[in-house]
Every structure is written in C-alpha cells, then in structure tokens.
$ cat query-v4.txt   # compact mmCIF, C-alpha atoms and all ligand atoms
# COMPACT_ATOMS: atom_id res chain seq x y z
CA MET A 774 41.52 181.89 232.88
CA ALA A 775 39.52 178.66 232.62
CA SER A 776 35.76 178.85 232.32
CA SER A 777 32.95 176.45 231.64
CA GLN A 778 29.51 176.45 230.06
CA THR A 779 26.91 174.76 232.20
CA THR A 780 24.58 174.32 229.20
CA SER A 781 27.01 171.95 227.48
CA ALA A 782 27.27 168.20 227.75
CA ILE A 783 30.90 168.48 228.75
CA ARG A 784 32.64 171.36 230.44
CA MET A 785 34.03 173.45 227.59
CA SER A 786 37.17 175.30 228.47
CA SER A 787 38.41 178.66 227.28
CA ASP A 788 41.77 178.17 228.95
CA LEU A 789 44.06 179.64 226.31
CA ALA A 790 47.29 178.59 228.03
CA SER A 791 46.17 174.99 228.16
CA PHE A 792 45.10 175.06 224.48
CA ARG A 793 48.43 176.58 223.46
CA LYS A 794 50.30 173.85 225.29
CA GLU A 795 48.36 171.25 223.26
CA LEU A 796 49.08 173.19 220.08
CA ARG A 797 52.82 173.15 220.84
CA GLN A 798 52.70 169.38 221.25
CA ALA A 799 50.47 168.63 218.24
CA LYS A 800 51.97 166.75 215.28
CA HIS A 801 49.13 167.33 212.83
CA VAL A 802 46.50 170.05 213.08
CA VAL A 803 43.36 170.27 210.94
CA ALA A 804 41.56 173.62 210.74
CA LEU A 805 37.98 173.09 209.61
CA THR A 806 36.61 176.43 208.50
CA GLY A 807 33.28 177.90 207.47
CA ALA A 808 31.79 181.20 206.35
CA GLY A 809 32.48 182.87 209.71
CA VAL A 810 36.24 182.89 209.11
CA SER A 811 35.62 185.22 206.15
CA ALA A 812 32.98 187.37 207.88
CA GLU A 813 35.54 189.97 208.99
CA SER A 814 36.68 190.23 205.37
CA GLY A 815 33.16 191.43 204.57
CA VAL A 816 31.96 188.16 203.00
CA PRO A 817 28.37 187.42 204.06
CA THR A 818 27.71 184.18 205.99
CA PHE A 819 24.83 181.89 204.97
CA ARG A 820 22.70 181.71 208.05
CA GLY A 821 22.87 185.23 209.37
CA ALA A 822 21.14 188.48 208.55
CA GLY A 823 23.47 188.91 205.59
CA GLY A 824 22.52 185.55 204.06
CA PHE A 825 20.06 187.07 201.61
CA TRP A 826 20.45 188.09 197.98
CA ARG A 827 17.43 189.98 196.65
CA LYS A 828 14.45 188.18 198.22
CA TRP A 829 16.15 184.81 198.34
CA GLN A 830 18.07 183.16 201.13
CA ALA A 831 21.50 182.19 199.75
CA THR A 832 20.83 178.54 200.55
CA ASP A 833 17.67 178.57 198.37
CA LEU A 834 19.80 179.37 195.32
CA ALA A 835 22.58 176.89 196.18
CA THR A 836 20.63 173.93 194.80
CA PRO A 837 20.61 172.03 191.49
CA GLN A 838 16.82 172.54 191.37
CA ALA A 839 17.22 176.33 191.45
CA PHE A 840 19.81 176.16 188.65
CA ASN A 841 17.67 173.86 186.49
CA ARG A 842 14.64 176.07 187.02
CA ASN A 843 16.37 179.38 186.39
CA PRO A 844 20.06 179.22 185.40
CA SER A 845 20.05 182.93 184.63
CA LEU A 846 19.03 183.82 188.20
CA VAL A 847 21.55 181.45 189.80
CA TRP A 848 24.31 182.74 187.52
CA GLU A 849 23.42 186.33 188.47
CA PHE A 850 23.80 185.34 192.14
CA TYR A 851 27.20 183.67 191.62
CA HIS A 852 28.38 186.42 189.27
CA TYR A 853 27.59 188.93 192.03
CA ARG A 854 29.54 186.90 194.58
CA ARG A 855 32.51 186.50 192.23
CA GLU A 856 32.64 190.25 191.62
CA VAL A 857 32.33 190.98 195.37
CA MET A 858 35.21 188.60 196.12
CA LEU A 859 37.49 190.56 193.78
CA THR A 860 37.26 193.40 196.32
CA LYS A 861 37.87 191.30 199.47
CA LYS A 862 41.08 190.45 201.31
CA PRO A 863 41.96 187.81 203.87
CA ASN A 864 41.61 188.94 207.50
CA ASN A 865 43.76 188.29 210.57
CA GLY A 866 42.06 184.92 211.10
CA HIS A 867 43.05 183.59 207.65
CA ILE A 868 46.53 185.04 208.14
CA ALA A 869 46.98 183.44 211.57
CA ILE A 870 46.05 180.06 210.08
CA ALA A 871 48.47 180.50 207.15
CA LYS A 872 51.33 181.55 209.48
CA CYS A 873 50.69 178.59 211.75
CA GLU A 874 50.87 176.19 208.78
CA LYS A 875 54.18 177.72 207.71
CA ARG A 876 55.61 177.34 211.21
CA PHE A 877 54.39 173.76 211.50
CA LEU A 878 55.98 172.90 208.16
CA SER A 879 59.32 174.39 209.19
CA GLU A 880 59.20 172.26 212.35
CA GLY A 881 58.41 169.05 210.47
CA ARG A 882 54.80 169.06 211.65
CA LYS A 883 51.67 169.03 209.50
CA PHE A 884 48.81 171.53 209.18
CA THR A 885 45.78 171.10 206.93
CA VAL A 886 42.94 173.50 206.15
CA ILE A 887 39.66 171.82 205.31
CA THR A 888 37.31 174.59 204.26
CA GLN A 889 33.64 174.68 203.34
CA ASN A 890 34.22 178.11 201.82
CA ILE A 891 34.39 178.73 198.08
CA ASP A 892 35.97 182.19 198.38
CA GLU A 893 39.65 181.13 198.08
CA LEU A 894 40.69 183.54 200.87
CA HIS A 895 42.79 180.85 202.58
CA TYR A 896 44.91 180.65 199.39
CA THR A 897 45.25 184.43 199.21
CA ALA A 898 46.35 184.45 202.86
CA GLY A 899 49.17 182.01 202.03
CA SER A 900 47.82 178.67 203.26
CA LYS A 901 49.09 175.86 201.02
CA ASN A 902 47.64 172.59 202.23
CA ILE A 903 43.95 173.30 201.58
CA ILE A 904 41.02 171.02 200.86
CA GLU A 905 38.00 172.84 199.44
CA LEU A 906 35.03 170.66 200.37
CA HIS A 907 32.40 172.68 198.50
CA GLY A 908 34.40 173.78 195.44
CA SER A 909 35.39 177.25 194.32
CA LEU A 910 33.66 180.38 193.05
CA PHE A 911 36.39 180.69 190.45
CA ARG A 912 35.99 177.29 188.84
CA VAL A 913 33.27 176.26 186.39
CA ARG A 914 32.01 172.85 185.32
CA CYS A 915 30.25 171.95 182.08
CA THR A 916 26.74 170.54 182.52
CA LYS A 917 27.14 168.67 179.21
CA CYS A 918 30.66 167.17 179.12
CA GLY A 919 31.72 167.62 182.77
CA HIS A 920 34.88 169.57 181.85
CA ARG A 921 36.15 171.68 184.77
CA GLU A 922 38.32 174.75 184.58
CA VAL A 923 39.45 177.81 186.48
CA ASP A 924 37.72 180.95 185.23
CA ARG A 925 38.57 184.27 186.86
CA SER A 926 37.23 186.50 184.12
CA SER A 927 35.23 189.55 185.13
CA PRO A 928 32.49 189.52 184.07
CA ILE A 929 32.38 185.81 183.35
CA CYS A 930 30.30 186.54 180.22
CA GLU A 931 29.12 189.66 178.46
CA ALA A 932 25.44 189.18 179.31
CA LEU A 933 26.21 189.19 183.06
CA LYS A 934 28.08 192.50 182.90
CA ASP A 935 26.53 194.93 185.40
CA ARG A 936 24.00 192.28 186.45
CA GLY A 937 23.53 190.54 189.80
CA GLU A 938 22.67 193.63 191.85
CA PRO A 939 21.61 192.38 195.30
CA ASP A 940 18.81 194.90 196.00
CA VAL A 941 15.51 193.28 196.78
CA ASP A 942 13.50 195.01 194.03
CA VAL A 943 15.87 194.36 191.11
CA PRO A 944 14.12 192.27 188.42
CA ASP A 945 15.61 188.96 187.28
CA ALA A 946 17.78 189.56 184.16
CA ARG A 947 16.27 186.53 182.37
CA ILE A 948 19.36 185.93 180.27
CA PRO A 949 18.78 183.29 177.55
CA VAL A 950 20.76 180.10 178.16
CA ASP A 951 22.83 180.58 174.99
CA GLN A 952 24.18 183.85 176.44
CA LEU A 953 25.17 182.37 179.81
CA PRO A 954 28.74 181.09 180.41
CA LYS A 955 29.59 178.27 177.99
CA CYS A 956 32.04 175.39 177.86
CA ARG A 957 35.19 176.15 175.89
CA GLN A 958 35.99 172.53 175.05
CA PRO A 959 36.12 171.97 171.29
CA ASP A 960 32.70 170.90 169.91
CA CYS A 961 30.94 171.23 173.25
CA GLY A 962 29.58 174.71 174.02
CA GLY A 963 27.40 173.32 176.82
CA LEU A 964 26.10 175.50 179.65
CA VAL A 965 28.62 175.72 182.47
CA ARG A 966 27.76 176.07 186.16
CA PRO A 967 29.78 177.15 189.18
CA ASP A 968 32.00 174.23 190.26
CA VAL A 969 30.54 174.18 193.75
CA VAL A 970 28.63 171.58 195.76
CA TRP A 971 24.96 172.39 196.12
CA PHE A 972 22.49 170.91 198.61
CA GLY A 973 21.57 167.35 197.76
CA GLU A 974 24.71 166.86 195.67
CA MET A 975 27.46 164.46 196.62
CA LEU A 976 30.80 165.94 197.54
CA ASP A 977 33.60 165.05 195.11
CA GLU A 978 34.74 161.57 196.09
CA VAL A 979 38.47 162.34 195.80
CA VAL A 980 38.09 165.51 197.87
CA LEU A 981 36.13 163.65 200.51
CA GLN A 982 38.72 160.86 200.64
CA LYS A 983 41.52 163.41 201.07
CA ALA A 984 39.62 165.12 203.88
CA THR A 985 38.93 161.81 205.58
CA ALA A 986 42.60 160.85 205.42
CA GLU A 987 43.61 164.14 207.06
CA LEU A 988 40.95 163.80 209.74
CA ASP A 989 42.07 160.23 210.45
CA THR A 990 45.62 161.31 211.23
CA CYS A 991 45.20 164.67 212.98
CA ASP A 992 45.74 165.02 216.70
CA LEU A 993 44.24 168.50 217.13
CA CYS A 994 41.34 170.13 215.32
CA LEU A 995 40.30 173.77 215.11
CA VAL A 996 36.68 174.42 214.11
CA VAL A 997 36.40 178.00 212.92
CA GLY A 998 33.33 180.02 211.95
CA THR A 999 30.96 177.27 210.97
CA SER A 1000 27.41 176.74 212.19
CA SER A 1001 28.09 172.97 212.03
CA VAL A 1002 24.69 172.22 210.52
CA VAL A 1003 25.64 171.18 206.98
CA TYR A 1004 26.67 167.56 206.44
CA PRO A 1005 29.01 165.88 205.92
CA ALA A 1006 31.29 168.64 207.32
CA ALA A 1007 29.06 168.99 210.40
CA MET A 1008 30.00 165.53 211.62
CA PHE A 1009 33.79 165.77 211.15
CA ALA A 1010 34.72 167.50 214.42
CA PRO A 1011 32.15 165.75 216.66
CA GLU A 1012 33.49 162.42 215.33
CA LEU A 1013 37.05 163.45 216.16
CA ALA A 1014 35.98 164.54 219.64
CA SER A 1015 34.23 161.21 220.21
CA ARG A 1016 37.55 159.48 219.36
CA GLY A 1017 39.30 161.56 222.00
CA VAL A 1018 40.97 164.07 219.62
CA THR A 1019 41.13 167.57 221.08
CA VAL A 1020 38.83 169.99 219.27
CA ALA A 1021 38.87 173.75 219.81
CA GLU A 1022 36.03 175.84 218.44
CA PHE A 1023 36.34 179.50 217.47
CA ASN A 1024 33.00 181.18 216.87
CA VAL A 1025 31.08 184.28 217.84
CA GLU A 1026 28.31 182.08 219.21
CA GLU A 1027 27.81 178.52 220.39
CA THR A 1028 26.72 175.95 217.81
CA PRO A 1029 24.87 172.63 218.05
CA ALA A 1030 28.31 170.96 218.15
CA SER A 1031 29.95 173.14 220.81
CA GLY A 1032 29.09 170.88 223.74
CA ALA A 1033 31.12 168.04 222.23
CA PHE A 1034 34.36 170.02 222.13
CA LYS A 1035 37.10 170.50 224.72
CA TYR A 1036 37.78 174.18 224.03
CA TYR A 1037 35.51 177.01 223.00
CA PHE A 1038 36.89 180.47 222.23
CA GLN A 1039 34.12 182.97 221.78
CA GLY A 1040 34.62 185.99 219.54
CA PRO A 1041 35.43 186.99 215.98
CA SER A 1042 38.06 184.56 214.69
CA GLY A 1043 40.09 187.48 213.30
CA GLU A 1044 40.62 188.45 216.94
CA THR A 1045 40.77 185.09 218.72
CA LEU A 1046 42.95 183.11 216.28
CA PRO A 1047 46.03 185.37 216.19
CA SER A 1048 46.68 185.01 219.93
CA ALA A 1049 45.65 181.35 220.05
CA LEU A 1050 47.94 180.33 217.17
CA ALA A 1051 50.87 182.70 217.78
CA PRO A 1052 54.29 181.00 218.26
C1 LIG A 1101 31.84 183.74 213.03
C2 LIG A 1101 32.10 185.05 212.71
C3 LIG A 1101 33.36 185.52 213.03
C4 LIG A 1101 30.10 184.63 212.06
N1 LIG A 1101 34.25 184.72 213.61
N2 LIG A 1101 32.72 182.97 213.62
C5 LIG A 1101 22.43 164.21 207.31
C6 LIG A 1101 21.35 164.68 208.04
C7 LIG A 1101 20.53 165.64 207.50
C8 LIG A 1101 20.74 166.17 206.24
C9 LIG A 1101 21.80 165.70 205.51
C10 LIG A 1101 22.63 164.72 206.05
N3 LIG A 1101 23.57 164.46 205.12
C11 LIG A 1101 23.37 165.25 204.05
C12 LIG A 1101 22.30 166.01 204.26
C13 LIG A 1101 21.73 167.03 203.31
C14 LIG A 1101 22.53 168.31 203.28
C15 LIG A 1101 22.56 168.92 204.68
O1 LIG A 1101 23.54 168.89 205.39
N4 LIG A 1101 21.48 169.57 205.07
C16 LIG A 1101 21.43 170.21 206.37
C17 LIG A 1101 21.08 171.68 206.19
C18 LIG A 1101 20.50 169.48 207.26
N5 LIG A 1101 23.90 168.08 202.81
C19 LIG A 1101 24.17 167.94 201.53
O2 LIG A 1101 23.27 168.00 200.69
C20 LIG A 1101 25.61 167.72 201.12
N6 LIG A 1101 25.64 166.58 200.29
C21 LIG A 1101 25.66 165.32 200.77
O3 LIG A 1101 25.83 165.08 201.93
O4 LIG A 1101 25.43 164.37 199.81
C22 LIG A 1101 24.97 163.10 200.25
C23 LIG A 1101 23.52 163.22 200.73
C24 LIG A 1101 22.63 164.07 200.09
C25 LIG A 1101 21.32 164.18 200.57
C26 LIG A 1101 20.90 163.46 201.68
C27 LIG A 1101 21.80 162.60 202.30
C28 LIG A 1101 23.13 162.48 201.81
C29 LIG A 1101 26.12 168.89 200.31
C30 LIG A 1101 26.21 170.15 201.12
C31 LIG A 1101 26.64 171.30 200.23
C32 LIG A 1101 26.54 172.64 200.93
N7 LIG A 1101 26.65 173.70 199.97
C33 LIG A 1101 26.72 175.06 200.43
C34 LIG A 1101 26.78 175.99 199.20
C35 LIG A 1101 28.17 175.93 198.54
C36 LIG A 1101 28.25 176.83 197.38
C37 LIG A 1101 28.05 178.30 197.75
O5 LIG A 1101 28.74 178.83 198.63
O6 LIG A 1101 27.21 178.91 197.13
O7 LIG A 1101 27.86 175.24 201.26
S1 LIG A 1101 25.37 175.51 201.51
C38 LIG A 1101 26.31 176.50 202.60
O8 LIG A 1101 26.40 175.91 203.91
C39 LIG A 1101 27.74 176.46 202.03
C40 LIG A 1101 28.55 176.41 203.28
O9 LIG A 1101 29.85 175.91 202.99
C41 LIG A 1101 27.73 175.51 204.17
C42 LIG A 1101 28.07 175.62 205.62
O10 LIG A 1101 27.81 176.88 206.12
P1 LIG A 1101 28.80 177.54 207.15
O11 LIG A 1101 30.12 177.74 206.53
O12 LIG A 1101 28.77 176.78 208.42
O13 LIG A 1101 28.17 179.00 207.30
P2 LIG A 1101 26.96 179.50 208.23
O14 LIG A 1101 26.50 180.80 207.70
O15 LIG A 1101 25.95 178.45 208.42
O16 LIG A 1101 27.64 179.71 209.65
C43 LIG A 1101 28.57 180.76 209.88
C44 LIG A 1101 29.10 180.62 211.30
O17 LIG A 1101 30.11 181.57 211.50
C45 LIG A 1101 28.04 180.83 212.39
O18 LIG A 1101 28.16 179.80 213.37
C46 LIG A 1101 28.42 182.17 213.01
O19 LIG A 1101 28.15 182.24 214.39
C47 LIG A 1101 29.90 182.18 212.75
N8 LIG A 1101 30.54 183.49 212.65
N9 LIG A 1101 30.96 185.61 212.15
C48 LIG A 1101 33.88 183.45 213.92
N10 LIG A 1101 33.70 186.82 212.77
ZN ZN A 1102 31.54 170.88 177.84

$ encode --input "query-v4.txt" --output "structure tokens"
Amino acid sequence: MASSQTTSAIRMSSDLASFRKELRQAKHVVALTGAGVSAESGVPTFRGAGGFWRKWQATDLATPQAFNRNPSLVWEFYHYRREVMLTKKPNNGHIAIAKCEKRFLSEGRKFTVITQNIDELHYTAGSKNIIELHGSLFRVRCTKCGHREVDRSSPICEALKDRGEPDVDVPDARIPVDQLPKCRQPDCGGLVRPDVVWFGEMLDEVVLQKATAELDTCDLCLVVGTSSVVYPAAMFAPELASRGVTVAEFNVEETPASGAFKYYFQGPSGETLPSALAP
C-alpha cells in the first residue's frame, strides 16, 4: 500500500511492490549500511541510548585526539568492542543483503555493500563485495611505521585481559604505553591503534575511490540503518537521488536525508529487508 510523508520535500513511498519491481530491473545495487543494520545483532549504535561506554559517548573516544591523550583508555574501549563482537552474529538484515548479492551474481547483475560499520558482520553473513569505509575492529595499524595487519587475538594484549568493562564507575586501567598492543614488524615495536577512521581523519583514498566508482555505476541504492549525519558517507545517497537514481531507505526512524529519497521503509531492517529483498 503506497503512503507518503507530508513532512518531506518529496513524497516518500513505502510501496513495497513498486520497490520490488525496481529491484527486479536493477543491474547494479549498492547497499549503504550503518550501525542500525547491526542493532538487532545486539551491537550498540552510536547516536542512541546505547552509544555510551562508561561516562563517554562512543563518538568522543573515536578521535585521534582521544587516542593521543589517553591511548590506554581508547584501547580499553576498542578491546571491549572487539570482545563483544566475538559473541555477536549477523541478523536477518545482514543475511537478506548477502542472499540478494548471491542471487544478483548468479543472474549476471552486480551488488555492492558499502558499510560504515567496523564489525565485519556483513562478511560473516556471506556478503562478498564489501567496501568498509571506516575500517575494521579486527585490523590494527602501527602509529610508527604505518604497517597494517589483521589481528583477531583475544585479548589483543595481556594487559587488556579482563579490562574494558563498560560500567560507568569503572576506573581507567592506565596501562603504560609499552604494555599496549605493539607492532610486530621487525625492528619496529611501535604502538598500534585500531585500523579505523576517526573523526577528523581522511578516509583511505583507495577505499574512497572504490566506493565512488560503485556509486557512479549503480542504478538502485539501499540506505540501511544510518543516521546519515557523518560525512562523507552522509552525502552519498542524497547525491545519487539528486542524479535521479532510486534510493530506498530502511530505518526505524526518519533521518535528515529521508526527504530526498523515493522509498522509505520504516522498521527494524532485520524485519523489513527480508521481504523487500526476497526473490
Ligand atoms: C536502525 C535500527 C534497526 C537503529 N534497523 N535502523 C562536512 C560537513 C560537516 C562536517 C564534516 C564534513 N565533512 C567531514 C566532516 C567532519 C566529520 C563529520 O562528518 N562530522 C559530522 C558529525 C558533522 N567527518 C569526518 O571527520 C570524516 N573524515 C573526513 O571527512 O575527512 C575529511 C574532512 C575532515 C574534517 C573536516 C572536513 C573534511 C571521518 C568520519 C569517520 C567516522 N568514524 C566513526 C567511528 C569509526 C570507528 C568506530 O566505530 O569506532 O564511524 S564515528 C561513527 O559514526 C562511526 C559510524 O560509522 C559513523 C556513522 O554512524 P551510523 O552508522 O550512521 O550510526 P548512528 O548511530 O549515527 O545511526 C544509527 C541509525 O540506525 C539511526 O538512524 C537509527 O535510527 C537506525 N537504527 N536501529 C534499522 N534495527
Ligand atoms: Zn610498526
């Protein structure tokens, strides 16, 4: 049943049949995802009630300034999130996206996931063609020599074992820098950091170029579980919409970008995506 939102600049539609017809005809779909796609897996989003760790808002710790000021505290935060992720599984939203990619591939069509998430749940769900805009929780980068590597060890270093508790009154562990995770390159031993993109940092140029190339060629875009406030990702879908590309948003609430999109499907993406993307 079609519906419209009078508050929006254009009349957003929630006409599922019409969206599914466009999906059947699409040659290249991009799914742009954010923290909301993982919410039903129990992963906290950034800008909701769950976006706190101890007394800090998650976004206050996702900065180079926070890491320079207190690498022990920021490592405790990321160590906590790494350990939490080891207990989480993809939900029906991730799975619907992965199944849709598989079907597209078998039909000679293309499907790309561009995610802002660092939780790797799209990979676990079986998606293959993934661009991680903001890095990964399970990669580290040396602050001295720049070496990057995958590191899935738990804990990532001995000093972080049993640290990172999220409760508001837990004191900072104050781990000396020489006991924090270190580079394993010969003769380096520099402090490593999570290989993620913090506020004020440039996105990796190659990653950004890949994302741009996918956005340039897609003819349908799904925007799933993102507040659409963090740039540059926030401008991707509105730019597509302004070029006449169909954009369908899946979110539990409207976002600043919603009014620019043709379709809006309200609800948890683990519930809305399976029926929207089913064969
Ligand atoms: C559900 C759901 C369910 C819940 N189903 N939905 C232009 C203008 C103004 C500022 C800037 C600008 N260009 C750059 C900036 C600065 C900055 C920025 O954007 N600031 C804004 C806040 C204003 N951007 C940057 O610094 C970027 N760098 C850059 O552009 O370099 C060049 C430059 C620098 C400085 C100035 C100018 C140019 C880098 C951004 C890096 C973001 N990093 C983080 C942390 C990553 C590591 C980590 O995870 O720890 O990325 S911050 C955080 O936000 C994380 C996320 O990927 C990102 C986006 O959040 P997301 O995914 O949208 O999550 P939420 O929580 O915000 O939203 C969840 C949504 O889900 C909500 O809508 C819910 O309703 C919904 N939802 N349950 C469906 N079940
Ligand atoms: Zn190094």

$ residues_near_ligand --input "query-v4.txt" --ligand "ligand LIG 1101 (chain A)" --cutoff "8 Å" --atoms "all atoms listed in the file" --output "ChimeraX atom specification"
/A:806-813,817-821,824,831-832,834-836,851,888-892,906-910,969-976,997-1007,1023-1028,1039-1043

$ residues_near_ligand --input "query-v4.txt" --ligand "ligand ZN 1102 (chain A)" --cutoff "10 Å" --atoms "all atoms listed in the file" --output "count of residues only"
19

$ atom_distance --input "query-v4.txt" --atom1 "CA of Val816 (chain A)" --atom2 "CA of Phe850 (chain A)"
13.9 Å

$ closest_residue --input "query-v4.txt" --among "A:Ser786, A:Gln798, A:Thr990, A:Ser927" --to "Arg854 (chain A)" --atoms "only C-alpha atoms"
A:Ser927

$ residues_near_point --input "query-v4.txt" --point "(42.2, 165.1, 211.4)" --cutoff "12 Å" --atoms "all atoms listed in the file" --output "number ranges by chain"
A: 799-805, 883-887, 983-996, 1009-1014, 1016-1020

$ closest_residue --input "query-v4.txt" --among "A:Ala946, A:Leu878, A:Met785, A:Val847" --to "Gly1032 (chain A)" --atoms "all atoms listed in the file"
A:Met785

$ residues_around --input "query-v4.txt" --residues "region 935-941 of chain A" --least-positions-apart "4" --cutoff "7 Å" --atoms "all atoms listed in the file" --output "list of chain:residue names"
A:Trp826, A:Arg827, A:Lys828, A:Glu849, A:Phe850, A:His852, A:Tyr853

$ write_last_selection --input "query-v4.txt" --atoms "C-alpha atoms" --output "mmCIF file, in the coordinates of the input"
data_model
loop_
_atom_site.group_PDB
_atom_site.id
_atom_site.type_symbol
_atom_site.label_atom_id
_atom_site.label_comp_id
_atom_site.auth_asym_id
_atom_site.auth_seq_id
_atom_site.Cartn_x
_atom_site.Cartn_y
_atom_site.Cartn_z
ATOM 1 C CA TRP A 826 20.450 188.090 197.980
ATOM 2 C CA ARG A 827 17.430 189.980 196.650
ATOM 3 C CA LYS A 828 14.450 188.180 198.220
ATOM 4 C CA GLU A 849 23.420 186.330 188.470
ATOM 5 C CA PHE A 850 23.800 185.340 192.140
ATOM 6 C CA HIS A 852 28.380 186.420 189.270
ATOM 7 C CA TYR A 853 27.590 188.930 192.030
#

$ closest_residue --input "query-v4.txt" --among "A:Val857, A:Ser814, A:Arg793, A:Gln830" --to "Ala898 (chain A)" --atoms "only C-alpha atoms"
A:Ser814

$ atom_distance --input "query-v4.txt" --atom1 "CA of Thr860 (chain A)" --atom2 "CA of Val943 (chain A)"
22.0 Å

$ closest_residue --input "query-v4.txt" --among "A:Arg947, A:Glu1022, A:Lys872, A:Leu1050" --to "Arg842 (chain A)" --atoms "all atoms listed in the file"
A:Arg947

$ closest_residue --input "query-v4.txt" --among "A:Leu846, A:Pro863, A:Leu981, A:Asp833" --to "Gly815 (chain A)" --atoms "all atoms listed in the file"
A:Pro863

$ atom_distance --input "query-v4.txt" --atom1 "CA of Asp968 (chain A)" --atom2 "CA of Arg912 (chain A)"
5.2 Å

$ closest_residue --input "query-v4.txt" --among "A:Ala1030, A:Val980, A:Ala1051, A:Ala932" --to "Phe877 (chain A)" --atoms "all atoms listed in the file"
A:Ala1051

$ build_atoms --input "query-v4.txt" --residues "region 932-952 of chain A" --atoms "N, CA, C and O atoms" --output "tab-separated table (two decimals), keeping the file's coordinate frame"
chain	number	residue	atom	x	y	z
A	932	ALA	N	26.84	188.95	178.90
A	932	ALA	CA	25.44	189.18	179.31
A	932	ALA	C	25.30	189.42	180.82
A	932	ALA	O	24.31	190.01	181.26
A	933	LEU	N	26.30	188.99	181.60
A	933	LEU	CA	26.21	189.19	183.06
A	933	LEU	C	26.83	190.51	183.50
A	933	LEU	O	26.74	190.88	184.68
A	934	LYS	N	27.45	191.23	182.55
A	934	LYS	CA	28.08	192.50	182.90
A	934	LYS	C	27.04	193.43	183.55
A	934	LYS	O	25.93	193.57	183.02
A	935	ASP	N	27.40	194.01	184.67
A	935	ASP	CA	26.53	194.93	185.40
A	935	ASP	C	25.22	194.29	185.89
A	935	ASP	O	24.26	194.99	186.21
A	936	ARG	N	25.17	192.98	185.91
A	936	ARG	CA	24.00	192.28	186.45
A	936	ARG	C	24.32	191.77	187.86
A	936	ARG	O	25.44	191.88	188.33
A	937	GLY	N	23.31	191.16	188.49
A	937	GLY	CA	23.53	190.54	189.80
A	937	GLY	C	23.39	191.48	190.97
A	937	GLY	O	23.73	191.11	192.10
A	938	GLU	N	22.84	192.70	190.73
A	938	GLU	CA	22.67	193.63	191.85
A	938	GLU	C	21.85	192.94	192.96
A	938	GLU	O	20.86	192.29	192.66
A	939	PRO	N	22.25	193.13	194.22
A	939	PRO	CA	21.61	192.38	195.30
A	939	PRO	C	20.30	192.99	195.82
A	939	PRO	O	19.60	192.35	196.59
A	940	ASP	N	19.98	194.22	195.41
A	940	ASP	CA	18.81	194.90	196.00
A	940	ASP	C	17.53	194.11	195.75
A	940	ASP	O	17.33	193.55	194.68
A	941	VAL	N	16.67	194.18	196.74
A	941	VAL	CA	15.51	193.28	196.78
A	941	VAL	C	14.55	193.50	195.61
A	941	VAL	O	13.91	192.57	195.13
A	942	ASP	N	14.49	194.74	195.07
A	942	ASP	CA	13.50	195.01	194.03
A	942	ASP	C	14.05	194.94	192.60
A	942	ASP	O	13.37	195.29	191.65
A	943	VAL	N	15.29	194.45	192.46
A	943	VAL	CA	15.87	194.36	191.11
A	943	VAL	C	15.23	193.18	190.38
A	943	VAL	O	15.18	192.08	190.90
A	944	PRO	N	14.73	193.40	189.13
A	944	PRO	CA	14.12	192.27	188.42
A	944	PRO	C	15.18	191.29	187.92
A	944	PRO	O	16.30	191.67	187.63
A	945	ASP	N	14.78	190.04	187.82
A	945	ASP	CA	15.61	188.96	187.28
A	945	ASP	C	16.01	189.32	185.84
A	945	ASP	O	15.16	189.74	185.06
A	946	ALA	N	17.29	189.15	185.49
A	946	ALA	CA	17.78	189.56	184.16
A	946	ALA	C	17.24	188.66	183.04
A	946	ALA	O	17.25	189.06	181.88
A	947	ARG	N	16.81	187.47	183.36
A	947	ARG	CA	16.27	186.53	182.37
A	947	ARG	C	17.16	186.41	181.13
A	947	ARG	O	16.72	186.62	179.99
A	948	ILE	N	18.39	186.07	181.37
A	948	ILE	CA	19.36	185.93	180.27
A	948	ILE	C	19.13	184.57	179.59
A	948	ILE	O	19.07	183.54	180.27
A	949	PRO	N	18.97	184.57	178.24
A	949	PRO	CA	18.78	183.29	177.55
A	949	PRO	C	19.97	182.37	177.78
A	949	PRO	O	21.11	182.85	177.89
A	950	VAL	N	19.71	181.07	177.85
A	950	VAL	CA	20.76	180.10	178.16
A	950	VAL	C	21.96	180.24	177.22
A	950	VAL	O	23.11	180.13	177.65
A	951	ASP	N	21.69	180.53	175.93
A	951	ASP	CA	22.83	180.58	174.99
A	951	ASP	C	23.71	181.80	175.21
A	951	ASP	O	24.77	181.92	174.61
A	952	GLN	N	23.30	182.72	176.11
A	952	GLN	CA	24.18	183.85	176.44
A	952	GLN	C	24.83	183.71	177.82
A	952	GLN	O	25.56	184.58	178.27
